[in-house]
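Presented below is the structure to which this report refers.
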Amino acid sequence: MPNTPCTRTVIVQVGDVDGDGLVTRADADMVGNYLAGNIKFTVGQQLAADVTGDGKISSKDALKIAQYAEGIITTFPVCDV
Ligand SMILES: [Ca+2]
């Protein structure tokens, strides 16, 4: 018998790093803490945090999440397709 492929799919709300269903300043702060090396992210959190969609988590992502939380922007670059 061949092995049966097993896959898992992670669904996240982009920008919602802490997973409370909202994109708030707390999410931007979590990215800041991640960048400072204070906390680690799960795979899902990494996906949620990369709002620019460049495959990396940087201060640009923290800035965009903060702007979204404050209503300055209404979507994320990774959502523009
Ligand atoms: Ca959140």
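By convention here, the chains of the structure tokens are called A, B, ... in the order presented, each chain's residues are numbered starting at 1, and ligands are numbered starting at 1 in the order presented.
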Please identify every polymer residue within 9 Å of ligand 1, using only C-alpha atoms and all ligand atoms, and present the set as a PyMOL selection string. chain A and resi 13+15-28
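DSSP, applied to the backbone of this structure, assigns alpha helix (DSSP H) to the following residues of chain A: Arg25, Ala26, Asp27, Ala28, Asp29, Met30, Val31, Gly32, Asn33, Tyr34, Leu35, Val43, Gly44, Gln45, Gln46, Leu47, Ala48, Ala49, Ser59, Lys60, Asp61, Ala62, Leu63, Lys64, Ile65, Ala66, Gln67, Tyr68 and Ala69 of chain A.
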The selected residues should be written to file as an mmCIF file, in the first residue's frame (atoms: N, CA and C atoms).
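Generated file (part-v2.cif):
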```
data_model
loop_
_atom_site.group_PDB
_atom_site.id
_atom_site.type_symbol
_atom_site.label_atom_id
_atom_site.label_comp_id
_atom_site.auth_asym_id
_atom_site.auth_seq_id
_atom_site.Cartn_x
_atom_site.Cartn_y
_atom_site.Cartn_z
ATOM 1 N N ARG A 25 -4.462 47.449 16.810
ATOM 2 C CA ARG A 25 -3.110 47.881 17.156
ATOM 3 C C ARG A 25 -2.329 46.749 17.842
ATOM 4 N N ALA A 26 -3.061 45.884 18.573
ATOM 5 C CA ALA A 26 -2.398 44.777 19.270
ATOM 6 C C ALA A 26 -1.706 43.853 18.269
ATOM 7 N N ASP A 27 -2.305 43.704 17.081
ATOM 8 C CA ASP A 27 -1.691 42.854 16.052
ATOM 9 C C ASP A 27 -0.394 43.486 15.542
ATOM 10 N N ALA A 28 -0.428 44.794 15.329
ATOM 11 C CA ALA A 28 0.790 45.496 14.908
ATOM 12 C C ALA A 28 1.873 45.372 15.976
ATOM 13 N N ASP A 29 1.456 45.488 17.233
ATOM 14 C CA ASP A 29 2.413 45.376 18.335
ATOM 15 C C ASP A 29 3.032 43.982 18.395
ATOM 16 N N MET A 30 2.213 42.950 18.067
ATOM 17 C CA MET A 30 2.745 41.579 18.064
ATOM 18 C C MET A 30 3.813 41.415 16.998
ATOM 19 N N VAL A 31 3.599 42.034 15.845
ATOM 20 C CA VAL A 31 4.614 41.967 14.782
ATOM 21 C C VAL A 31 5.889 42.653 15.258
ATOM 22 N N GLY A 32 5.715 43.769 15.962
ATOM 23 C CA GLY A 32 6.882 44.469 16.518
ATOM 24 C C GLY A 32 7.649 43.593 17.494
ATOM 25 N N ASN A 33 6.910 42.883 18.322
ATOM 26 C CA ASN A 33 7.543 41.987 19.293
ATOM 27 C C ASN A 33 8.235 40.815 18.603
ATOM 28 N N TYR A 34 7.607 40.343 17.523
ATOM 29 C CA TYR A 34 8.211 39.259 16.735
ATOM 30 C C TYR A 34 9.532 39.732 16.120
ATOM 31 N N LEU A 35 9.502 40.926 15.550
ATOM 32 C CA LEU A 35 10.701 41.467 14.904
ATOM 33 C C LEU A 35 11.807 41.718 15.923
ATOM 34 N N VAL A 43 2.882 29.040 12.115
ATOM 35 C CA VAL A 43 2.777 29.169 10.662
ATOM 36 C C VAL A 43 1.607 30.085 10.296
ATOM 37 N N GLY A 44 0.489 29.894 10.981
ATOM 38 C CA GLY A 44 -0.680 30.724 10.714
ATOM 39 C C GLY A 44 -0.428 32.191 11.021
ATOM 40 N N GLN A 45 0.264 32.430 12.117
ATOM 41 C CA GLN A 45 0.563 33.820 12.481
ATOM 42 C C GLN A 45 1.514 34.464 11.482
ATOM 43 N N GLN A 46 2.440 33.649 10.946
ATOM 44 C CA GLN A 46 3.351 34.184 9.935
ATOM 45 C C GLN A 46 2.584 34.588 8.687
ATOM 46 N N LEU A 47 1.609 33.759 8.315
ATOM 47 C CA LEU A 47 0.782 34.079 7.146
ATOM 48 C C LEU A 47 -0.044 35.332 7.400
ATOM 49 N N ALA A 48 -0.613 35.427 8.585
ATOM 50 C CA ALA A 48 -1.451 36.582 8.919
ATOM 51 C C ALA A 48 -0.618 37.862 8.994
ATOM 52 N N ALA A 49 0.632 37.718 9.415
ATOM 53 C CA ALA A 49 1.474 38.901 9.631
ATOM 54 C C ALA A 49 2.073 39.456 8.338
ATOM 55 N N SER A 59 9.075 45.445 9.302
ATOM 56 C CA SER A 59 8.434 46.621 9.891
ATOM 57 C C SER A 59 7.370 47.184 8.961
ATOM 58 N N LYS A 60 7.491 46.898 7.651
ATOM 59 C CA LYS A 60 6.464 47.345 6.700
ATOM 60 C C LYS A 60 5.124 46.703 7.037
ATOM 61 N N ASP A 61 5.165 45.417 7.429
ATOM 62 C CA ASP A 61 3.924 44.718 7.784
ATOM 63 C C ASP A 61 3.312 45.328 9.049
ATOM 64 N N ALA A 62 4.146 45.613 10.035
ATOM 65 C CA ALA A 62 3.648 46.219 11.267
ATOM 66 C C ALA A 62 3.004 47.568 10.970
ATOM 67 N N LEU A 63 3.634 48.340 10.091
ATOM 68 C CA LEU A 63 3.106 49.657 9.721
ATOM 69 C C LEU A 63 1.754 49.518 9.034
ATOM 70 N N LYS A 64 1.659 48.584 8.089
ATOM 71 C CA LYS A 64 0.398 48.396 7.357
ATOM 72 C C LYS A 64 -0.728 47.935 8.289
ATOM 73 N N ILE A 65 -0.403 47.062 9.215
ATOM 74 C CA ILE A 65 -1.424 46.586 10.157
ATOM 75 C C ILE A 65 -1.891 47.751 11.037
ATOM 76 N N ALA A 66 -0.958 48.586 11.463
ATOM 77 C CA ALA A 66 -1.327 49.747 12.276
ATOM 78 C C ALA A 66 -2.202 50.700 11.473
ATOM 79 N N GLN A 67 -1.865 50.912 10.196
ATOM 80 C CA GLN A 67 -2.655 51.805 9.343
ATOM 81 C C GLN A 67 -4.058 51.251 9.119
ATOM 82 N N TYR A 68 -4.137 49.940 8.956
ATOM 83 C CA TYR A 68 -5.441 49.289 8.767
ATOM 84 C C TYR A 68 -6.271 49.429 10.045
ATOM 85 N N ALA A 69 -5.650 49.211 11.178
ATOM 86 C CA ALA A 69 -6.360 49.302 12.462
ATOM 87 C C ALA A 69 -6.912 50.702 12.683
#
```
For Val78 of chain A, list every protein, DNA or RNA residue within 9 Å, evaluated using only C-alpha atoms, and leave out those in the same chain fewer than 3 positions away; present the list as a list of chain:residue names. A:Val14, A:Asp50, A:Val51, A:Thr52, A:Gly53, A:Asp54, A:Thr75, A:Val81
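Distance annotation: of A:Ala36, A:Cys6, A:Ile72, A:Val12, the residue with the minimal separation from Ile57 of chain A is A:Ala36; atom set is only C-alpha atoms.
We find atom CA of Ile11 of chain A and atom CA of Phe41 of chain A to be spaced 14.9 Å apart.
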